[in-house]
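Asker: Compact mmCIF, C-alpha atoms, file work.txt:
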# COMPACT_ATOMS: atom_id res chain seq x y z
CA MET B 1 -8.59 -17.29 -8.49
CA ASN B 2 -5.20 -18.63 -9.56
CA GLU B 3 -3.58 -15.82 -7.57
CA TYR B 4 -5.54 -16.90 -4.50
CA ASP B 5 -4.67 -20.55 -5.15
CA SER B 6 -0.98 -19.71 -5.57
CA SER B 7 -0.97 -17.86 -2.27
CA ARG B 8 -2.55 -20.81 -0.47
CA ILE B 9 -0.13 -23.23 -2.19
CA LEU B 10 2.72 -21.25 -0.64
CA ASP B 11 1.07 -21.62 2.77
CA LEU B 12 0.84 -25.38 2.21
CA LEU B 13 4.45 -25.76 1.06
CA LYS B 14 5.76 -24.12 4.21
CA LYS B 15 4.69 -27.37 5.88
CA SER B 16 7.25 -29.13 3.69
CA ASP B 17 9.97 -26.65 4.70
CA TYR B 18 9.88 -24.82 1.38
CA GLU B 19 10.11 -21.06 1.06
CA LYS B 20 9.28 -18.86 -1.91
CA THR B 21 12.26 -17.45 -3.80
CA GLU B 22 12.57 -14.82 -6.52
CA ASN B 23 15.73 -16.53 -7.79
CA SER B 24 14.43 -18.96 -10.41
CA GLU B 25 17.98 -19.97 -11.36
CA ASN B 26 18.58 -21.86 -8.11
CA VAL B 27 15.55 -23.70 -6.73
CA ASP B 28 14.71 -27.12 -5.31
CA CYS B 29 11.12 -27.12 -6.57
CA TYR B 30 9.49 -25.34 -9.49
CA LEU B 31 5.68 -25.12 -9.56
CA ILE B 32 3.74 -23.77 -12.54
CA ASN B 33 0.13 -22.90 -11.70
CA THR B 34 -1.86 -22.87 -14.93
CA CYS B 35 -5.07 -21.54 -16.44
CA HIS B 36 -6.92 -23.28 -19.28
CA ILE B 37 -9.11 -20.37 -20.35
CA ARG B 38 -6.70 -18.87 -22.89
CA GLU B 39 -5.67 -20.69 -26.04
CA LYS B 40 -2.40 -22.62 -26.37
CA ALA B 41 -2.26 -23.06 -22.61
CA THR B 42 -0.69 -26.53 -22.85
CA GLU B 43 1.92 -25.31 -25.32
CA LYS B 44 2.90 -22.58 -22.87
CA VAL B 45 3.42 -25.21 -20.16
CA PHE B 46 5.84 -27.17 -22.34
CA HIS B 47 7.58 -23.93 -23.29
CA ASP B 48 8.07 -23.00 -19.62
CA VAL B 49 9.34 -26.49 -18.79
CA GLY B 50 11.74 -26.27 -21.72
CA ARG B 51 13.15 -23.07 -20.25
CA ILE B 52 13.65 -24.81 -16.89
CA LYS B 53 15.49 -27.68 -18.60
CA LYS B 54 17.80 -25.22 -20.30
CA ASN B 55 18.55 -23.35 -17.07
CA TYR B 56 19.26 -26.57 -15.16
CA ARG B 57 21.16 -28.43 -17.87
CA ASN B 58 24.33 -28.51 -15.77
CA LYS B 59 22.68 -28.39 -12.36
CA LYS B 60 20.74 -30.72 -10.12
CA LYS B 61 17.24 -31.17 -11.56
CA PRO B 62 14.55 -29.42 -9.48
CA ILE B 63 11.21 -31.02 -8.71
CA VAL B 64 8.85 -29.77 -11.45
CA LEU B 65 5.13 -29.62 -10.68
CA ILE B 66 2.30 -28.54 -13.00
CA ALA B 67 -0.78 -27.38 -11.10
CA GLY B 68 -4.12 -25.85 -12.03
CA CYS B 69 -6.64 -26.32 -14.79
CA VAL B 70 -4.26 -27.35 -17.57
CA ALA B 71 -3.01 -30.12 -15.27
CA GLN B 72 -6.62 -31.13 -14.62
CA ALA B 73 -7.64 -31.16 -18.28
CA GLU B 74 -4.53 -32.64 -19.87
CA GLY B 75 -2.54 -34.24 -17.05
CA GLU B 76 -1.99 -37.58 -18.76
CA ILE B 77 -0.79 -35.90 -21.97
CA ILE B 78 1.59 -33.67 -20.02
CA LEU B 79 3.16 -36.57 -18.11
CA LYS B 80 3.40 -38.68 -21.27
CA ASN B 81 4.97 -35.98 -23.42
CA ASP B 82 7.56 -34.66 -20.97
CA LYS B 83 9.35 -36.98 -18.57
CA TYR B 84 11.01 -33.97 -16.90
CA ILE B 85 7.71 -33.20 -15.15
CA ASP B 86 7.32 -34.98 -11.81
CA ALA B 87 3.62 -34.49 -11.10
CA VAL B 88 0.39 -32.86 -12.27
CA ILE B 89 -1.99 -31.56 -9.61
CA GLY B 90 -5.54 -30.43 -10.39
CA PRO B 91 -7.03 -27.39 -8.61
CA GLN B 92 -9.04 -29.61 -6.25
CA SER B 93 -5.99 -31.57 -5.08
CA TYR B 94 -3.68 -28.86 -3.73
CA GLN B 95 -4.03 -30.25 -0.22
CA GLU B 96 -1.99 -33.25 -1.44
CA LEU B 97 1.06 -31.15 -2.30
CA PRO B 98 3.11 -31.85 0.87
CA LYS B 99 2.53 -35.59 0.39
CA ILE B 100 3.30 -35.38 -3.34
CA ILE B 101 6.58 -33.55 -2.77
CA LYS B 102 7.63 -35.93 -0.01
CA GLY B 103 6.98 -38.89 -2.32
CA ILE B 104 9.06 -37.35 -5.08
CA GLU B 105 11.88 -36.49 -2.67
CA GLU B 106 11.98 -40.05 -1.37
CA LYS B 107 11.59 -42.07 -4.55
CA ARG B 108 11.17 -39.63 -7.46
CA SER B 109 7.82 -41.21 -8.32
CA ARG B 110 5.71 -39.41 -10.91
CA SER B 111 2.12 -38.62 -9.94
CA ASN B 112 -1.21 -37.56 -11.38
CA PHE B 113 -3.52 -35.96 -8.81
CA THR B 114 -6.61 -34.76 -10.66
CA GLU B 115 -9.55 -35.96 -8.60
CA PHE B 116 -12.37 -33.60 -7.64
CA GLU B 117 -11.93 -33.38 -3.87
CA THR B 118 -13.15 -29.82 -3.24
CA ILE B 119 -14.46 -30.41 0.29
CA GLU B 120 -11.26 -32.13 1.42
CA LYS B 121 -9.20 -29.36 -0.19
CA PHE B 122 -10.82 -26.57 1.80
CA ASP B 123 -10.99 -28.67 4.98
CA GLN B 124 -7.20 -28.90 4.82
CA LEU B 125 -6.67 -25.26 3.85
CA ASN B 126 -8.83 -24.12 6.76
CA LEU B 127 -6.27 -25.68 9.11
CA ILE B 128 -3.52 -23.47 7.71
CA LYS B 129 -3.35 -19.75 8.38
CA ASN B 130 -3.75 -17.55 5.30
CA SER B 131 -0.52 -15.54 5.33
CA ASN B 132 -1.47 -13.14 2.50
CA THR B 133 -0.63 -9.59 3.59
CA LYS B 134 -1.82 -7.59 0.59
CA ILE B 135 -3.91 -4.45 1.05
CA SER B 136 -6.29 -5.80 -1.60
CA SER B 137 -6.77 -9.55 -1.06
CA PHE B 138 -8.66 -12.31 -2.82
CA LEU B 139 -10.90 -14.84 -1.10
CA THR B 140 -12.32 -17.86 -2.93
CA ILE B 141 -15.86 -18.49 -1.70
CA GLN B 142 -17.10 -20.79 -4.45
CA GLU B 143 -15.59 -23.08 -7.06
CA GLY B 144 -16.85 -24.92 -10.11
CA CYS B 145 -19.82 -24.36 -12.36
CA ASP B 146 -23.02 -26.21 -13.28
CA LYS B 147 -23.94 -23.97 -16.22
CA PHE B 148 -22.13 -25.91 -18.98
CA CYS B 149 -21.81 -23.09 -21.51
CA LYS B 150 -20.75 -24.89 -24.67
CA PHE B 151 -17.49 -22.98 -25.05
CA CYS B 152 -16.34 -23.27 -21.43
CA VAL B 153 -13.90 -25.74 -19.93
CA VAL B 154 -14.52 -24.80 -16.28
CA PRO B 155 -17.04 -27.58 -15.43
CA TYR B 156 -14.46 -30.12 -16.63
CA THR B 157 -11.45 -28.61 -14.85
CA ARG B 158 -13.00 -27.22 -11.64
CA GLY B 159 -15.93 -29.61 -11.32
CA PRO B 160 -19.47 -28.95 -10.07
CA GLU B 161 -20.41 -25.89 -8.02
CA TYR B 162 -19.21 -26.00 -4.44
CA SER B 163 -19.71 -23.25 -1.84
CA ARG B 164 -17.51 -22.94 1.21
CA SER B 165 -19.21 -22.62 4.58
CA PHE B 166 -20.30 -19.19 5.78
CA LYS B 167 -18.36 -19.58 9.04
CA GLU B 168 -15.02 -20.44 7.46
CA LEU B 169 -15.29 -17.49 5.05
CA ILE B 170 -15.93 -15.03 7.87
CA GLU B 171 -12.98 -16.48 9.80
CA GLU B 172 -10.64 -16.27 6.81
CA SER B 173 -11.85 -12.72 6.10
CA LYS B 174 -10.99 -11.74 9.68
CA GLN B 175 -7.55 -13.28 9.21
CA LEU B 176 -6.97 -11.30 6.01
CA ILE B 177 -8.04 -8.07 7.73
CA GLN B 178 -5.71 -8.86 10.63
CA ASN B 179 -2.94 -9.36 8.04
CA GLY B 180 -3.60 -5.85 6.68
CA ALA B 181 -6.31 -6.26 4.02
CA LYS B 182 -8.51 -3.18 3.53
CA GLU B 183 -10.27 -4.64 0.48
CA ILE B 184 -11.49 -8.20 -0.15
CA THR B 185 -12.57 -9.50 -3.55
CA LEU B 186 -14.82 -12.55 -3.26
CA LEU B 187 -14.00 -15.10 -5.95
CA GLY B 188 -15.78 -17.89 -7.75
CA GLN B 189 -16.10 -19.29 -11.23
CA ASN B 190 -19.76 -18.53 -10.64
CA VAL B 191 -19.47 -16.40 -7.53
CA ASN B 192 -23.06 -15.19 -7.34
CA ALA B 193 -24.24 -18.82 -7.29
CA TYR B 194 -22.78 -19.01 -3.76
CA ASN B 195 -25.16 -20.87 -1.46
CA SER B 196 -24.17 -22.54 1.80
CA SER B 197 -26.85 -23.65 4.28
CA ASN B 198 -29.26 -21.17 2.65
CA LYS B 199 -26.77 -18.32 3.03
CA LYS B 200 -26.33 -16.46 -0.25
CA LEU B 201 -23.73 -14.02 -1.57
CA SER B 202 -25.91 -11.12 -0.41
CA ASP B 203 -25.84 -12.52 3.16
CA LEU B 204 -22.07 -12.83 3.05
CA ILE B 205 -21.64 -9.24 1.85
CA ILE B 206 -23.95 -7.96 4.62
CA GLN B 207 -21.92 -9.89 7.21
CA LEU B 208 -18.58 -8.67 5.83
CA GLU B 209 -19.93 -5.13 5.95
CA ASN B 210 -19.82 -5.35 9.73
CA LEU B 211 -16.15 -6.33 9.97
CA LYS B 212 -14.04 -3.52 11.42
CA GLY B 213 -11.04 -2.59 9.32
CA LEU B 214 -12.54 -3.77 6.02
CA GLU B 215 -13.22 -0.79 3.78
CA ARG B 216 -14.07 -2.31 0.40
CA ILE B 217 -15.85 -5.40 -0.91
CA ARG B 218 -15.93 -6.69 -4.50
CA TYR B 219 -16.95 -9.97 -6.13
CA THR B 220 -16.18 -11.67 -9.43
CA THR B 221 -17.08 -13.42 -11.73
CA SER B 222 -20.87 -13.48 -12.01
CA HIS B 223 -23.41 -15.15 -14.25
CA PRO B 224 -26.48 -13.11 -15.26
CA ASN B 225 -28.82 -15.94 -14.27
CA ASP B 226 -27.68 -15.69 -10.66
CA MET B 227 -28.13 -11.91 -10.31
CA THR B 228 -31.04 -12.33 -7.92
CA ASP B 229 -33.06 -9.45 -6.51
CA ASP B 230 -31.56 -9.84 -3.02
CA LEU B 231 -28.06 -9.41 -4.49
CA ILE B 232 -29.16 -6.46 -6.61
CA ASP B 233 -30.68 -4.85 -3.50
CA VAL B 234 -27.38 -5.16 -1.60
CA HIS B 235 -25.76 -2.96 -4.23
CA GLY B 236 -28.13 -0.24 -3.11
CA THR B 237 -27.72 -0.69 0.65
CA SER B 238 -24.10 -1.67 1.21
CA LYS B 239 -21.65 1.13 1.93
CA LYS B 240 -18.59 -1.06 1.39
CA LEU B 241 -19.62 -2.91 -1.82
CA MET B 242 -17.94 -1.05 -4.67
CA PRO B 243 -20.10 0.49 -7.45
CA HIS B 244 -18.51 -1.62 -10.16
CA LEU B 245 -19.67 -5.02 -11.43
CA HIS B 246 -18.02 -7.38 -13.89
CA LEU B 247 -20.93 -9.19 -15.55
CA PRO B 248 -19.89 -11.35 -18.54
CA LEU B 249 -22.25 -11.19 -21.51
CA GLN B 250 -20.21 -12.99 -24.24
CA SER B 251 -22.50 -11.90 -27.11
CA GLY B 252 -25.09 -9.23 -27.84
CA SER B 253 -27.20 -11.64 -29.87
CA SER B 254 -29.87 -13.70 -28.13
CA LYS B 255 -29.55 -16.28 -30.90
CA ILE B 256 -25.84 -16.74 -30.22
CA LEU B 257 -26.41 -16.76 -26.45
CA LYS B 258 -28.85 -19.63 -26.96
CA SER B 259 -26.35 -21.56 -29.09
CA MET B 260 -23.75 -20.99 -26.34
CA ASN B 261 -26.20 -22.47 -23.79
CA ARG B 262 -26.05 -19.27 -21.75
CA ASN B 263 -29.77 -19.68 -20.95
CA HIS B 264 -30.59 -15.99 -20.87
CA SER B 265 -31.54 -13.40 -23.46
CA ILE B 266 -30.23 -9.93 -24.17
CA ASP B 267 -33.46 -8.48 -22.77
CA HIS B 268 -32.90 -10.34 -19.50
CA TYR B 269 -29.33 -9.05 -19.26
CA LEU B 270 -30.36 -5.45 -19.95
CA LYS B 271 -33.13 -5.66 -17.34
CA ILE B 272 -30.50 -6.67 -14.76
CA ILE B 273 -28.42 -3.63 -15.76
CA GLN B 274 -31.43 -1.34 -15.35
CA LYS B 275 -32.34 -2.85 -11.96
CA LEU B 276 -28.80 -2.32 -10.72
CA LYS B 277 -28.73 1.27 -11.98
CA LYS B 278 -32.02 1.94 -10.21
CA ARG B 279 -30.65 0.62 -6.91
CA LYS B 280 -27.17 2.15 -7.40
CA PRO B 281 -27.28 5.09 -9.86
CA ASN B 282 -23.48 5.48 -9.98
CA ILE B 283 -22.75 1.80 -10.75
CA LYS B 284 -20.67 0.98 -13.84
CA PHE B 285 -20.00 -2.26 -15.65
CA SER B 286 -17.32 -4.30 -17.35
CA SER B 287 -17.81 -7.51 -19.32
CA ASP B 288 -16.38 -10.37 -21.40
CA PHE B 289 -17.13 -10.93 -25.08
CA ILE B 290 -16.44 -13.80 -27.45
CA ILE B 291 -16.25 -12.50 -31.01
CA ALA B 292 -17.03 -14.69 -34.04
CA TYR B 293 -18.55 -17.57 -32.10
CA PRO B 294 -19.55 -20.32 -34.57
CA GLY B 295 -22.74 -19.31 -36.36
CA GLU B 296 -22.36 -15.58 -35.66
CA THR B 297 -23.68 -13.57 -38.62
CA GLU B 298 -22.97 -9.95 -39.43
CA GLU B 299 -26.34 -9.10 -37.90
CA ASP B 300 -25.44 -10.96 -34.69
CA PHE B 301 -22.15 -9.09 -34.51
CA ASN B 302 -23.91 -5.75 -35.05
CA ASP B 303 -26.26 -6.64 -32.17
CA THR B 304 -23.18 -7.08 -29.99
CA LEU B 305 -21.93 -3.63 -30.99
CA LYS B 306 -25.33 -2.14 -30.11
CA VAL B 307 -25.17 -3.60 -26.58
CA LEU B 308 -21.57 -2.48 -26.19
CA LYS B 309 -22.58 1.11 -26.99
CA SER B 310 -25.88 1.15 -25.07
CA VAL B 311 -24.43 -0.16 -21.77
CA GLY B 312 -21.20 1.82 -22.09
CA PHE B 313 -18.93 -0.76 -20.46
CA ILE B 314 -15.95 1.02 -18.89
CA ASN B 315 -13.81 -2.04 -19.53
CA THR B 316 -14.15 -5.12 -21.74
CA TYR B 317 -12.19 -8.30 -22.34
CA SER B 318 -12.71 -9.57 -25.88
CA PHE B 319 -11.25 -12.45 -27.85
CA VAL B 320 -11.95 -14.27 -31.09
CA PHE B 321 -13.57 -17.64 -30.34
CA SER B 322 -11.00 -20.33 -29.68
CA ALA B 323 -12.25 -23.87 -29.07
CA ARG B 324 -11.26 -25.74 -25.92
CA PRO B 325 -10.68 -29.50 -26.36
CA GLY B 326 -13.45 -31.55 -24.81
CA THR B 327 -16.11 -28.83 -24.91
CA PRO B 328 -19.19 -29.11 -27.17
CA ALA B 329 -18.14 -25.99 -29.09
CA ASP B 330 -14.94 -27.78 -30.13
CA LEU B 331 -17.03 -29.65 -32.71
CA LEU B 332 -18.41 -26.50 -34.38
CA SER B 333 -17.21 -24.97 -37.64
CA LEU B 334 -15.10 -21.83 -37.24
CA ILE B 335 -15.81 -18.51 -38.93
CA GLU B 336 -13.18 -17.49 -41.47
CA ASP B 337 -10.08 -16.05 -39.85
CA ASN B 338 -10.09 -12.76 -41.78
CA ILE B 339 -13.74 -12.10 -40.82
CA SER B 340 -13.09 -12.96 -37.17
CA LYS B 341 -10.09 -10.64 -36.92
CA LYS B 342 -11.91 -7.81 -38.68
CA ARG B 343 -14.84 -8.07 -36.25
CA LEU B 344 -12.56 -8.19 -33.22
CA GLN B 345 -10.66 -5.13 -34.41
CA LEU B 346 -13.86 -3.13 -34.91
CA PHE B 347 -15.25 -4.25 -31.54
CA GLN B 348 -12.06 -3.30 -29.72
CA GLU B 349 -11.83 0.08 -31.45
CA ILE B 350 -15.35 0.99 -30.29
CA ALA B 351 -14.76 -0.44 -26.80
CA GLU B 352 -11.53 1.54 -26.50
CA LYS B 353 -13.24 4.78 -27.52
CA ILE B 354 -15.93 4.23 -24.87
CA LYS B 355 -13.23 3.56 -22.28
CA ILE B 356 -11.19 6.64 -23.24
CA ASP B 357 -14.25 8.90 -23.33
CA TYR B 358 -15.19 7.68 -19.84
CA ARG B 359 -11.68 8.28 -18.50
CA GLN B 360 -11.66 11.79 -19.96
CA THR B 361 -14.74 12.61 -17.88
CA LEU B 362 -12.69 11.87 -14.74
CA ILE B 363 -10.10 14.58 -15.36
CA GLU B 364 -10.35 17.30 -12.69
CA LYS B 365 -12.80 15.06 -10.79
CA LYS B 366 -12.32 13.68 -7.28
CA VAL B 367 -12.03 9.91 -6.88
CA LYS B 368 -11.47 7.77 -3.78
CA VAL B 369 -8.32 5.65 -4.12
CA LEU B 370 -7.09 2.78 -1.97
CA PHE B 371 -3.31 2.64 -2.31
CA GLU B 372 -1.87 -0.87 -2.52
CA ASN B 373 1.89 -0.40 -2.93
CA ARG B 374 4.79 1.90 -3.67
CA ILE B 375 6.09 1.39 -7.21
CA SER B 376 9.13 3.67 -6.96
CA GLU B 377 10.48 6.41 -4.72
CA ASN B 378 7.61 8.80 -3.87
CA LYS B 379 5.30 7.13 -6.41
CA TYR B 380 2.30 5.07 -5.29
CA PHE B 381 -0.19 2.77 -7.00
CA GLY B 382 -3.83 2.29 -6.06
CA ARG B 383 -7.28 1.70 -7.49
CA ASP B 384 -10.41 3.82 -7.38
CA GLU B 385 -13.88 2.47 -6.66
CA TYR B 386 -14.27 1.41 -10.31
CA LEU B 387 -11.02 -0.60 -10.40
CA ASN B 388 -9.22 2.08 -12.41
CA SER B 389 -5.46 2.12 -11.79
CA VAL B 390 -4.29 5.39 -10.24
CA ILE B 391 -0.75 6.65 -9.69
CA VAL B 392 0.25 9.66 -7.60
CA GLN B 393 3.47 11.08 -6.20
CA SER B 394 3.75 11.78 -2.49
CA VAL B 395 6.46 12.44 0.07
CA ASN B 396 4.37 10.50 2.61
CA ASN B 397 3.72 6.75 2.71
CA LEU B 398 0.30 6.14 1.12
CA VAL B 399 0.20 2.32 1.33
CA GLY B 400 -3.07 1.23 2.93
CA ARG B 401 -4.62 4.69 2.84
CA ASN B 402 -8.02 5.23 1.20
CA ILE B 403 -8.06 8.91 0.23
CA GLU B 404 -9.45 11.41 -2.26
CA ILE B 405 -7.42 12.19 -5.36
CA LYS B 406 -8.02 14.78 -8.05
CA ILE B 407 -7.36 13.23 -11.48
CA LYS B 408 -5.11 15.38 -13.67
CA ARG B 409 -4.52 13.22 -16.72
CA CYS B 410 -4.89 9.67 -18.05
CA ASN B 411 -3.57 7.25 -20.62
CA HIS B 412 -4.85 3.93 -21.93
CA GLN B 413 -4.29 2.05 -18.67
CA THR B 414 -3.78 4.52 -15.85
CA LEU B 415 -5.12 7.65 -14.18
CA PHE B 416 -2.65 10.17 -12.69
CA GLY B 417 -3.53 12.66 -10.01
CA ASP B 418 -2.84 14.72 -6.90
CA ILE B 419 -3.76 14.19 -3.27
CA ILE B 420 -6.41 16.68 -2.13
CA GLU B 421 -7.39 15.29 1.27
CA ASN B 422 -4.51 16.87 3.23
CA PRO B 423 -3.71 20.52 2.35
CA SER B 424 -0.23 20.22 3.91
CA GLU B 425 0.72 17.36 1.61
CA LYS B 426 3.18 18.33 -1.12
CA ASN B 427 1.46 17.17 -4.30
CA PHE B 428 2.82 16.37 -7.71
CA ALA B 429 1.12 15.41 -10.93
CA ALA B 430 2.85 12.22 -12.02
Give the structure from this file in structure tokens form.

Answerer:
Amino acid sequence: MNEYDSSRILDLLKKSDYEKTENSENVDCYLINTCHIREKATEKVFHDVGRIKKNYRNKKKPIVLIAGCVAQAEGEIILKNDKYIDAVIGPQSYQELPKIIKGIEEKRSRSNFTEFETIEKFDQLNLIKNSNTKISSFLTIQEGCDKFCKFCVVPYTRGPEYSRSFKELIEESKQLIQNGAKEITLLGQNVNAYNSSNKKLSDLIIQLENLKGLERIRYTTSHPNDMTDDLIDVHGTSKKLMPHLHLPLQSGSSKILKSMNRNHSIDHYLKIIQKLKKRKPNIKFSSDFIIAYPGETEEDFNDTLKVLKSVGFINTYSFVFSARPGTPADLLSLIEDNISKKRLQLFQEIAEKIKIDYRQTLIEKKVKVLFENRISENKYFGRDEYLNSVIVQSVNNLVGRNIEIKIKRCNHQTLFGDIIENPSEKNFAA
């Protein structure tokens, strides 16, 4: 979502006669778009600003803006602790950027824009053409969350759930396709909670399915409690919805899920998995896990390992619990550091083995790959239907093509293969 936001921020700043530059040593304005999910996020902001100060010690000071969720959560602290920063802008106030910059240019006033103005934000963005030209593009359809998981900062930084109108999403999708997008990933902090004028995520996917030029649809990130039957059914009927779903679980223990305020059990989660497999037999899953959440016993952790093995997630994102200031979980007692690290290491070892074993099954198999860019001469990068990174060599331009590849080998992060669709193509195993 931050990538989508950053792209739209660039569209906004063009109104203020600013252009993006890759030369960070000579700029008029420096904007840091932040995420508050990972630990030490605020420290990283001050570190980045310190680097700017050093680079501009003997130059004219650039305008320095801190945007995103760290700005929303800790804007006052940021402005108080570092006078070099000109403004903090929360994720619901991006539409104010042209006005903020003009104010700073005219009188160097420092500003804090962290109100929840989601409707106004998207009303303004809808007036500006989305100039993103990527083959695989993001589209925010929903923001905020009403779930209030005890560990999560999102309700406090992105606000309550808000769904954009069906019409504006179809229009922006058409614009992205016109710009060259072959794949659109629908985004939301709680994307499957999308609901606008009784139109749900399943309705949006069905409508997008009809758009000429669009070849792939994905969505992320979902909450198990919003995996409704109509959405599950779409996985079985849609030809463009990819057979991969990221469905965060966080823990394999129903007791811990309850203490997290996730409001679903392990049984409920596993029933969703089975329903999806029944509707789409070739579907595969990835997930998020918090290891050593306060109160997690060895038995709870072992339950998490059982779920990890039984579902066979092809990818996982796992971290030791790290409290976010202002969340209810911030008040809980932490599990000893040595125990936490030991559990994380074991979890990641098992998850990695599952991932490697899965990737090994793909060798000498055909996969459909949408190529997004050229990474060097005659070498192209793309992703298969399961979001696996794939690299091939070709004498022809593959960017934007969605073609069959035979996988020849793999490593931890990437699959390597040959083109098999066109017999006249000169193929090379990378």

Asker: Would you compute an axis-aligned box for stretch 82-87 of chain B, covering every atom listed for it in the file with 5 Å of margin on each side, and report centre and edge lengths in Å to one decimal as JSON?

Answerer:
{"center_x": 7.3, "center_y": -35.1, "center_z": -16.0, "size_x": 17.4, "size_y": 13.8, "size_z": 19.9}

Asker: List the spatial neighbours of B:Leu247 as a PyMOL selection string - criterion: any atom at most 10 Å away, all atoms listed in the file, same-chain residues fewer than 6 positions off excluded.

Answerer: chain B and resi 220-224+227+269+272-273+285-288+313

Asker: For the residues in that selection, give me C-alpha atoms as a PDB file, in the coordinates of the input.

Answerer:
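Ended up saving to part.pdb:
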ATOM      1  CA  THR B 220     -16.180 -11.670  -9.430  1.00  0.00           C
ATOM      2  CA  THR B 221     -17.080 -13.420 -11.730  1.00  0.00           C
ATOM      3  CA  SER B 222     -20.870 -13.480 -12.010  1.00  0.00           C
ATOM      4  CA  HIS B 223     -23.410 -15.150 -14.250  1.00  0.00           C
ATOM      5  CA  PRO B 224     -26.480 -13.110 -15.260  1.00  0.00           C
ATOM      6  CA  MET B 227     -28.130 -11.910 -10.310  1.00  0.00           C
ATOM      7  CA  TYR B 269     -29.330  -9.050 -19.260  1.00  0.00           C
ATOM      8  CA  ILE B 272     -30.500  -6.670 -14.760  1.00  0.00           C
ATOM      9  CA  ILE B 273     -28.420  -3.630 -15.760  1.00  0.00           C
ATOM     10  CA  PHE B 285     -20.000  -2.260 -15.650  1.00  0.00           C
ATOM     11  CA  SER B 286     -17.320  -4.300 -17.350  1.00  0.00           C
ATOM     12  CA  SER B 287     -17.810  -7.510 -19.320  1.00  0.00           C
ATOM     13  CA  ASP B 288     -16.380 -10.370 -21.400  1.00  0.00           C
ATOM     14  CA  PHE B 313     -18.930  -0.760 -20.460  1.00  0.00           C
TER      15      PHE B 313
END

Asker: For a quick check of understanding, using only C-alpha atoms, which of B:Lys182, B:Gly50, B:Glu106, B:Phe113 has the smallest distance to B:Ala71?

Answerer: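 Closest to B:Ala71, using only C-alpha atoms: B:Phe113.
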
Asker: Under the rule that all atoms listed in the file are counted, which of B:Lys342, B:Arg158, B:Lys54, B:Lys408 is the nearest residue to B:Gln142?

Answerer: B:Arg158

Asker: For B:Met260, please output as a list in words all residues within 10 Å (counting only C-alpha atoms; exclusion window: fewer than 4 positions along the same chain).

Answerer: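 Within the cut-off, the hits are Phe148, Cys149, Lys150, Phe151, Cys152, Gln250, Ser251, Ser254, Lys255, Ile256, Tyr293, Pro294, Pro328 and Ala329 of chain B.
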
Asker: B:Lys80, B:Arg279, B:Arg409, B:Lys271: which is nearest B:Leu231, counting all atoms listed in the file?

Answerer: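 Closest residue, counting all atoms listed in the file: B:Arg279.
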